[in-house]
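Everything below belongs to data.cif, which stores mmCIF, C-alpha atoms.
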data_start
#
loop_
_atom_site.label_atom_id
_atom_site.label_comp_id
_atom_site.auth_asym_id
_atom_site.auth_seq_id
_atom_site.Cartn_x
_atom_site.Cartn_y
_atom_site.Cartn_z
CA MET A 1 -68.51 -21.56 29.25
CA THR A 2 -66.44 -20.11 26.43
CA ASP A 3 -65.87 -21.80 23.12
CA PRO A 4 -62.55 -23.60 22.81
CA ALA A 5 -60.00 -21.99 20.50
CA PRO A 6 -60.07 -23.39 16.99
CA ARG A 7 -57.62 -26.26 16.66
CA ASN A 8 -56.11 -24.85 13.52
CA GLN A 9 -55.32 -21.37 14.88
CA ASP A 10 -51.60 -22.12 14.82
CA LYS A 11 -51.65 -24.16 11.66
CA ASP A 12 -48.81 -22.34 10.00
CA ALA A 13 -46.49 -23.09 12.89
CA GLY A 14 -46.91 -26.73 12.02
CA GLY A 15 -50.22 -28.48 12.27
CA ALA A 16 -52.18 -28.59 15.52
CA ALA A 17 -52.37 -25.60 17.87
CA GLY A 18 -49.32 -24.99 20.00
CA GLN A 19 -47.11 -27.34 18.02
CA TRP A 20 -44.04 -25.50 16.81
CA TRP A 21 -42.66 -28.27 14.66
CA PRO A 22 -42.01 -27.88 11.77
CA GLY A 23 -42.06 -24.14 12.39
CA PRO A 24 -39.65 -21.41 11.29
CA LEU A 25 -37.03 -22.24 13.95
CA ALA A 26 -36.97 -25.89 12.96
CA TYR A 27 -36.66 -25.06 9.27
CA SER A 28 -33.87 -22.54 9.98
CA ILE A 29 -31.80 -25.00 12.02
CA ALA A 30 -32.26 -27.71 9.41
CA PHE A 31 -31.47 -25.32 6.54
CA VAL A 32 -28.19 -24.09 8.05
CA ALA A 33 -27.17 -27.67 8.89
CA TYR A 34 -28.03 -28.84 5.38
CA VAL A 35 -26.07 -26.01 3.71
CA LEU A 36 -22.98 -26.36 5.92
CA LEU A 37 -22.87 -30.15 5.64
CA GLY A 38 -23.66 -30.06 1.92
CA MET A 39 -20.74 -27.74 1.19
CA GLU A 40 -18.37 -30.38 2.55
CA VAL A 41 -20.18 -33.61 1.72
CA HIS A 42 -21.38 -33.12 -1.83
CA TRP A 43 -23.58 -36.17 -2.19
CA LEU A 44 -25.91 -34.46 0.30
CA LEU A 45 -26.68 -31.96 -2.46
CA SER A 46 -27.10 -34.54 -5.21
CA TRP A 47 -30.28 -35.83 -6.73
CA THR A 48 -32.39 -38.40 -4.83
CA ARG A 49 -29.94 -39.00 -1.96
CA GLY A 50 -29.68 -35.24 -1.40
CA LEU A 51 -33.43 -34.76 -1.50
CA ALA A 52 -33.93 -37.66 0.89
CA PHE A 53 -31.38 -36.19 3.26
CA ALA A 54 -32.97 -32.72 3.03
CA LEU A 55 -36.32 -34.18 4.03
CA LEU A 56 -34.67 -36.16 6.80
CA ALA A 57 -32.96 -33.00 8.06
CA VAL A 58 -36.25 -31.11 8.29
CA TRP A 59 -37.87 -34.09 9.95
CA ALA A 60 -35.19 -35.43 12.26
CA ILE A 61 -33.26 -32.38 13.48
CA PRO A 62 -36.30 -30.63 14.99
CA TYR A 63 -37.49 -33.99 16.35
CA TYR A 64 -34.14 -34.48 18.09
CA VAL A 65 -34.04 -30.89 19.40
CA ARG A 66 -37.57 -31.19 20.77
CA GLY A 67 -36.71 -34.48 22.47
CA ARG A 68 -33.66 -32.93 24.13
CA LEU A 69 -35.71 -29.96 25.34
CA ARG A 70 -38.35 -32.30 26.82
CA ARG A 71 -35.73 -34.37 28.64
CA ARG A 72 -34.19 -31.24 30.15
CA ARG A 73 -37.54 -30.22 31.54
CA MET B 1 -30.05 -27.53 -17.54
CA SER B 2 -31.23 -25.93 -14.34
CA TRP B 3 -30.11 -27.02 -10.92
CA VAL B 4 -32.85 -25.52 -8.78
CA ALA B 5 -35.60 -24.15 -11.06
CA HIS B 6 -37.04 -27.65 -11.59
CA ASP B 7 -37.54 -27.95 -7.81
CA VAL B 8 -39.33 -24.65 -7.29
CA GLU B 9 -41.28 -24.00 -10.50
CA PRO B 10 -44.05 -26.38 -9.32
CA TYR B 11 -44.90 -24.08 -6.38
CA VAL B 12 -45.52 -21.12 -8.69
CA ILE B 13 -47.49 -23.29 -11.13
CA GLN B 14 -49.55 -24.65 -8.22
CA ARG B 15 -50.33 -21.11 -7.07
CA HIS B 16 -51.74 -20.22 -10.50
CA LEU B 17 -53.68 -23.43 -11.14
CA GLY B 18 -54.84 -24.21 -7.57
CA VAL B 19 -57.21 -27.10 -7.03
CA ARG B 20 -57.32 -28.04 -10.71
CA ILE B 21 -53.91 -29.64 -10.53
CA SER B 22 -51.90 -32.06 -8.37
CA PHE B 23 -48.77 -30.46 -6.90
CA LEU B 24 -47.03 -33.83 -6.63
CA ALA B 25 -47.75 -34.50 -10.28
CA VAL B 26 -46.27 -31.15 -11.34
CA LEU B 27 -43.20 -31.87 -9.21
CA PHE B 28 -42.67 -35.38 -10.60
CA GLY B 29 -43.34 -34.06 -14.09
CA SER B 30 -40.74 -31.37 -13.57
CA TRP B 31 -38.17 -33.91 -12.35
CA SER B 32 -39.06 -36.72 -14.74
CA PRO B 33 -36.82 -35.92 -17.74
CA ASP B 34 -33.69 -36.11 -15.55
CA LEU B 35 -34.84 -38.55 -12.92
CA ILE B 36 -33.62 -41.76 -14.53
CA THR B 37 -31.15 -40.33 -17.05
CA LYS B 38 -28.95 -37.69 -15.39
CA TRP B 39 -26.80 -40.14 -13.43
CA LEU B 40 -25.64 -41.67 -16.73
CA VAL B 41 -24.63 -38.24 -18.01
CA TYR B 42 -21.99 -37.86 -15.31
CA GLY B 43 -21.26 -41.57 -15.05
CA MET B 44 -21.58 -43.64 -11.93
CA ASP B 45 -19.40 -46.17 -10.13
CA VAL B 46 -21.16 -49.43 -9.30
CA GLY B 47 -18.70 -51.76 -7.60
CA PHE B 48 -15.69 -51.91 -9.91
CA ALA B 49 -17.61 -50.80 -12.98
CA ASN B 50 -18.08 -47.23 -14.18
CA LEU B 51 -21.42 -46.82 -15.93
CA HIS B 52 -21.38 -43.98 -18.43
CA VAL B 53 -22.29 -43.10 -22.00
CA ASN B 54 -19.88 -42.05 -24.72
CA ASN B 55 -21.54 -38.77 -25.65
CA PRO B 56 -23.41 -37.65 -22.51
CA SER B 57 -24.93 -34.43 -23.83
CA ASP B 58 -26.29 -36.02 -27.02
CA PHE B 59 -27.54 -39.00 -25.04
CA HIS B 60 -29.32 -36.65 -22.64
CA ARG B 61 -30.91 -34.23 -25.11
CA SER B 62 -30.86 -35.74 -28.61
CA TRP B 63 -32.28 -38.59 -30.64
CA PRO B 64 -31.08 -41.36 -30.73
CA GLY B 65 -30.85 -41.16 -26.95
CA VAL B 66 -33.26 -40.16 -24.23
CA GLY B 67 -33.69 -36.62 -25.57
CA PRO B 68 -37.40 -37.16 -26.40
CA MET B 69 -38.04 -37.24 -22.63
CA HIS B 70 -37.31 -33.50 -22.74
CA SER B 71 -39.91 -32.93 -25.48
CA PRO B 72 -43.44 -31.61 -24.91
CA ILE B 73 -44.86 -34.58 -26.82
CA PHE B 74 -43.50 -36.87 -24.11
CA GLY B 75 -45.50 -34.86 -21.58
CA VAL B 76 -48.65 -35.36 -23.67
CA LEU B 77 -48.05 -39.12 -23.94
CA LEU B 78 -47.36 -39.36 -20.22
CA ALA B 79 -50.58 -37.49 -19.47
CA VAL B 80 -52.62 -39.74 -21.77
CA VAL B 81 -51.22 -42.92 -20.20
CA VAL B 82 -51.69 -41.65 -16.63
CA TYR B 83 -55.23 -40.48 -17.38
CA ALA B 84 -56.09 -43.83 -19.00
CA VAL B 85 -54.87 -45.67 -15.90
CA THR B 86 -56.02 -43.36 -13.10
CA ARG B 87 -58.83 -41.24 -14.62
CA HIS B 88 -57.45 -38.38 -12.55
CA LYS B 89 -57.28 -35.14 -14.54
CA GLY B 90 -55.22 -33.32 -11.89
CA TRP B 91 -52.43 -35.89 -12.09
CA ALA B 92 -52.45 -36.15 -15.90
CA LEU B 93 -52.45 -32.38 -16.35
CA GLY B 94 -49.91 -31.88 -13.57
CA LEU B 95 -47.39 -34.31 -15.05
CA MET B 96 -47.74 -32.72 -18.49
CA ILE B 97 -47.34 -29.15 -17.27
CA GLY B 98 -44.45 -30.09 -14.98
CA LEU B 99 -42.63 -31.79 -17.82
CA TRP B 100 -43.29 -28.86 -20.14
CA SER B 101 -41.80 -26.44 -17.61
CA HIS B 102 -38.64 -28.58 -17.57
CA SER B 103 -38.51 -28.74 -21.38
CA PHE B 104 -38.81 -24.98 -21.78
CA SER B 105 -36.37 -24.16 -18.95
CA ASP B 106 -33.73 -26.35 -20.55
CA THR B 107 -33.92 -24.47 -23.85
CA LEU B 108 -32.00 -21.70 -22.10
CA ASP B 109 -28.67 -23.58 -22.12
CA THR B 110 -26.40 -24.16 -25.13
CA LYS B 111 -27.61 -27.71 -25.75
CA GLY B 112 -31.35 -27.01 -25.77
CA THR B 113 -34.23 -29.45 -26.13
CA MET B 114 -36.12 -31.00 -29.04
CA LEU B 115 -39.31 -28.99 -28.57
CA PHE B 116 -40.82 -30.16 -31.87
CA PHE B 117 -39.88 -33.84 -31.70
CA PRO B 118 -40.88 -36.08 -33.56
CA LEU B 119 -41.49 -33.57 -36.39
CA THR B 120 -37.83 -32.60 -36.24
CA ASN B 121 -34.78 -33.49 -34.14
CA TYR B 122 -33.71 -29.83 -34.10
CA ARG B 123 -32.87 -28.66 -30.59
CA VAL B 124 -34.18 -25.22 -29.63
CA SER B 125 -31.56 -23.41 -27.53
CA PHE B 126 -31.31 -19.80 -26.44
CA ASP B 127 -27.65 -20.19 -25.38
CA ALA B 128 -27.96 -18.18 -22.16
CA TRP B 129 -25.49 -20.42 -20.35
CA ALA B 130 -23.13 -23.28 -21.07
CA TYR B 131 -24.24 -26.91 -20.95
CA ALA B 132 -21.09 -28.35 -19.43
CA ALA B 133 -22.05 -31.77 -18.06
CA GLU B 134 -19.31 -33.35 -20.17
CA SER B 135 -16.69 -31.50 -18.14
CA GLY B 136 -17.56 -33.62 -15.13
CA ARG B 137 -19.69 -32.97 -12.09
CA GLY B 138 -17.26 -30.63 -10.30
CA LEU B 139 -16.51 -28.30 -13.21
CA ASP B 140 -20.14 -28.39 -14.34
CA THR B 141 -21.24 -27.23 -10.90
CA ALA B 142 -18.60 -24.51 -10.71
CA ALA B 143 -19.56 -23.25 -14.18
CA TYR B 144 -23.30 -23.26 -13.59
CA PHE B 145 -23.04 -21.33 -10.33
CA SER B 146 -20.83 -18.72 -11.98
CA CYS B 147 -23.08 -17.85 -14.93
CA LEU B 148 -26.64 -16.80 -15.75
CA GLY B 149 -27.83 -20.29 -14.81
CA PHE B 150 -27.73 -19.58 -11.09
CA VAL B 151 -29.41 -16.20 -11.76
CA TRP B 152 -32.28 -18.06 -13.45
CA ASP B 153 -32.61 -20.30 -10.40
CA GLY B 154 -32.50 -17.22 -8.17
CA PHE B 155 -35.31 -15.71 -10.24
CA TRP B 156 -37.52 -18.76 -9.53
CA LEU B 157 -36.65 -18.71 -5.84
CA ALA B 158 -37.59 -15.03 -5.76
CA LEU B 159 -40.82 -15.75 -7.64
CA THR B 160 -41.67 -18.45 -5.10
CA ALA B 161 -40.98 -15.93 -2.33
CA VAL B 162 -43.42 -13.52 -4.01
CA HIS B 163 -45.99 -16.35 -3.97
CA TRP B 164 -45.09 -17.18 -0.34
CA LYS B 165 -48.72 -17.91 0.55
CA VAL B 166 -48.43 -21.17 -1.37
CA LEU B 167 -46.11 -22.38 1.42
CA ARG B 168 -48.56 -21.73 4.23
CA ALA B 169 -50.03 -24.69 6.07
CA ASP B 170 -53.59 -23.49 5.46
CA TYR B 171 -52.94 -23.23 1.71
CA PHE B 172 -51.58 -26.77 1.81
CA HIS B 173 -54.62 -28.05 3.71
CA ASP B 174 -57.24 -26.07 1.76
CA THR B 175 -55.89 -26.13 -1.79
CA VAL B 176 -53.08 -28.64 -2.30
CA MET B 177 -54.48 -31.61 -0.39
CA PRO B 178 -58.01 -31.59 -1.85
CA ALA B 179 -56.59 -31.65 -5.39
CA ASP B 180 -54.79 -34.92 -4.87
CA PRO B 181 -55.99 -38.16 -3.19
CA VAL B 182 -52.35 -39.24 -2.69
CA TRP B 183 -52.07 -36.83 0.26
CA GLY B 184 -55.06 -38.48 1.90
CA TRP B 185 -53.53 -41.90 1.40
CA MET B 186 -50.18 -40.75 2.88
CA GLY B 187 -52.11 -39.12 5.73
CA ARG B 188 -53.17 -42.60 6.89
CA TYR B 189 -49.53 -43.41 7.70
CA LEU B 190 -47.94 -40.03 8.42
CA PRO B 191 -48.88 -37.21 10.82
CA ALA B 192 -49.95 -33.81 9.45
CA PRO B 193 -46.59 -32.07 10.08
CA ALA B 194 -44.82 -34.77 8.07
CA LEU B 195 -47.10 -34.14 5.08
CA LEU B 196 -46.26 -30.46 5.34
CA VAL B 197 -42.55 -31.30 5.40
CA LEU B 198 -42.96 -33.40 2.27
CA TYR B 199 -44.86 -30.58 0.56
CA ARG B 200 -42.25 -27.95 1.41
CA GLY B 201 -39.35 -30.39 0.92
CA ALA B 202 -38.59 -29.61 -2.72
CA LEU B 203 -38.27 -25.90 -1.98
CA PHE B 204 -36.10 -26.62 1.06
CA TYR B 205 -33.92 -28.90 -1.04
CA GLY B 206 -33.69 -26.46 -3.97
CA ALA B 207 -32.98 -23.39 -1.85
CA GLY B 208 -30.45 -25.33 0.24
CA ARG B 209 -28.65 -26.56 -2.83
CA TRP B 210 -28.60 -23.08 -4.37
CA VAL B 211 -27.01 -21.50 -1.29
CA ALA B 212 -24.61 -24.38 -0.63
CA TRP B 213 -23.30 -24.64 -4.20
CA LEU B 214 -22.93 -20.87 -4.49
CA LEU B 215 -20.88 -20.78 -1.28
CA TRP B 216 -18.88 -23.81 -2.40
CA ALA B 217 -18.11 -22.26 -5.81
CA HIS B 218 -17.20 -18.77 -4.61
CA VAL B 219 -16.23 -18.95 -0.94
CA LEU B 220 -14.60 -22.37 -0.54
CA ASN B 221 -13.26 -22.15 -4.12
CA THR B 222 -12.38 -19.26 -6.42
CA ASN B 223 -14.37 -19.54 -9.63
CA GLU B 224 -14.72 -16.44 -11.75
CA PHE B 225 -18.24 -15.06 -12.22
CA ASP B 226 -19.18 -14.56 -15.87
CA LEU B 227 -22.72 -13.29 -16.32
CA SER B 228 -22.36 -12.72 -20.07
CA TRP B 229 -24.75 -14.48 -22.45
CA GLY B 230 -23.53 -18.04 -23.06
CA GLY B 231 -21.04 -17.92 -20.19
CA PRO B 232 -18.95 -18.77 -18.43
CA SER B 233 -16.26 -18.34 -21.08
CA TRP B 234 -13.79 -20.48 -19.14
CA ILE B 235 -15.72 -23.72 -19.71
CA GLU B 236 -16.23 -25.68 -22.94
CA ALA B 237 -19.93 -25.69 -23.75
CA SER B 238 -21.71 -28.56 -25.52
CA GLU B 239 -23.88 -27.48 -28.45
#
Serialized structure, structure tokens:
Amino acid sequence: MTDPAPRNQDKDAGGAAGQWWPGPLAYSIAFVAYVLLGMEVHWLLSWTRGLAFALLAVWAIPYYVRGRLRRRR
Amino acid sequence: MSWVAHDVEPYVIQRHLGVRISFLAVLFGSWSPDLITKWLVYGMDVGFANLHVNNPSDFHRSWPGVGPMHSPIFGVLLAVVVYAVTRHKGWALGLMIGLWSHSFSDTLDTKGTMLFFPLTNYRVSFDAWAYAAESGRGLDTAAYFSCLGFVWDGFWLALTAVHWKVLRADYFHDTVMPADPVWGWMGRYLPAPALLVLYRGALFYGAGRWVAWLLWAHVLNTNEFDLSWGGPSWIEASE
């Protein structure tokens, strides 16, 4: 019996092994969305509300994308 | 006045001080001088009322006003109070160093900060770029992202990129979290990836703002770059 792989081997991709969120793809999608939306809707770049939205973007956009991918499968 | 440096300086500071300091404390320290005062500088509509101050730049950086919040002595007082209440050196030290980084960064604009308050109200300023908050939010943004101010922010983003290891999940788990019990408390309610998002959030926010405002100022609009000392020349600077 071989030892199981360490649970943190993929830590930098976002926590537990095999979990890609919040990995580079998620951050990239959220970043582009944040920049494009922010250029048009300026309060998204402001203090407090902007920061809250930025965090929400990193959290929610990948969450939504992952949910869609799961449903397709 | 810096638009992005205050968001990313804490990552570089964290990299150099490691487990001896709380990252969250450095971040809140770095934001604290503007956190409850900046909205009054530009003015704010609440219902039918417009809340504003008559001389925004003096209110923000001078005394009388809230200028002492930009002074190193305020960082010391904050640290003493926080240490007396929490007995946590990492938080006390972090808040003080974060606030100091803000105070020193803001000496680069034409308004400067009262570094030696309360010994003197003299504002130290190196005049590298114009403090233009009194021109209104739109013009202030356009001016800042056309002068050495955005270069300064770019320098800090580049410095954070050089210290990229500070953004790794293992660095967060091994160095950032052990220095601060707040992460453990938040970990009771949030999953590990969410804590990582919170940790990286200020950089995401700062870098996003930097790119978005630059594109807004020079792609969506046509503002002239002026990288001369004290620029841009096309805006009236507060001194």
Given the file shown, enumerate the residues that the PyMOL selection byres ((chain B) within 7 of (chain A)) captures and present them as a tab-separated table (two decimals) with C-alpha atoms, in the coordinates of the input.
chain	number	residue	atom	x	y	z
B	168	ARG	CA	-48.56	-21.73	4.23
B	169	ALA	CA	-50.03	-24.69	6.07
B	170	ASP	CA	-53.59	-23.49	5.46
B	192	ALA	CA	-49.95	-33.81	9.45
B	193	PRO	CA	-46.59	-32.07	10.08
B	197	VAL	CA	-42.55	-31.30	5.40
B	198	LEU	CA	-42.96	-33.40	2.27
B	201	GLY	CA	-39.35	-30.39	0.92
B	205	TYR	CA	-33.92	-28.90	-1.04
B	208	GLY	CA	-30.45	-25.33	0.24
B	209	ARG	CA	-28.65	-26.56	-2.83
B	211	VAL	CA	-27.01	-21.50	-1.29
B	212	ALA	CA	-24.61	-24.38	-0.63
B	213	TRP	CA	-23.30	-24.64	-4.20
B	216	TRP	CA	-18.88	-23.81	-2.40
Exercise. Once the PyMOL selection byres ((chain B and resi 180) around 9) has been applied to the shown file, what residues remain in the selection, as a ChimeraX atom specification?
Worked result: /B:19,21-25,88,90-91,176-179,181-184
Exercise. Atom CA of Tyr64 of chain A and atom CA of Val166 of chain B, how far apart in Å?
Worked result: 27.6 Å
Problem set entry | segment 33-50 of chain B surroundings by only C-alpha atoms, 8 Å radius, close-in-sequence under 4 positions cut, as an MDAnalysis selection string | chainID B and resid 29 56:57 59:60 66 69:70 99 102 133:134 136:137
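Rounded to one decimal, atom CA of Val85 of chain B and atom CA of Pro68 of chain B lie 22.1 Å from each other.
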Padding 5 Å on each side, edges along x, y and z: where is the centre of the box around the listed atoms of segment 180-185 of chain B, and how long are its edges in Å to one decimal? Output it as lines of an AutoDock Vina configuration file.
center_x = -54.0
center_y = -38.4
center_z = -1.5
size_x = 13.9
size_y = 17.0
size_z = 16.8
Problem set entry | Residues selected by the PyMOL selection byres ((chain B and resi 95) around 6), written as number ranges by chain | B: 25-26, 29, 92-94, 96-98
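Going from atom CA of Gly187 of chain B over to atom CA of Leu167 of chain B, you cover 18.3 Å.
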Exercise. Of the candidates B:Ala143, B:Phe204, B:Asn221, B:Phe116, which one gets nearest to Leu157 of chain B if we count only C-alpha atoms?
Worked result: B:Phe204
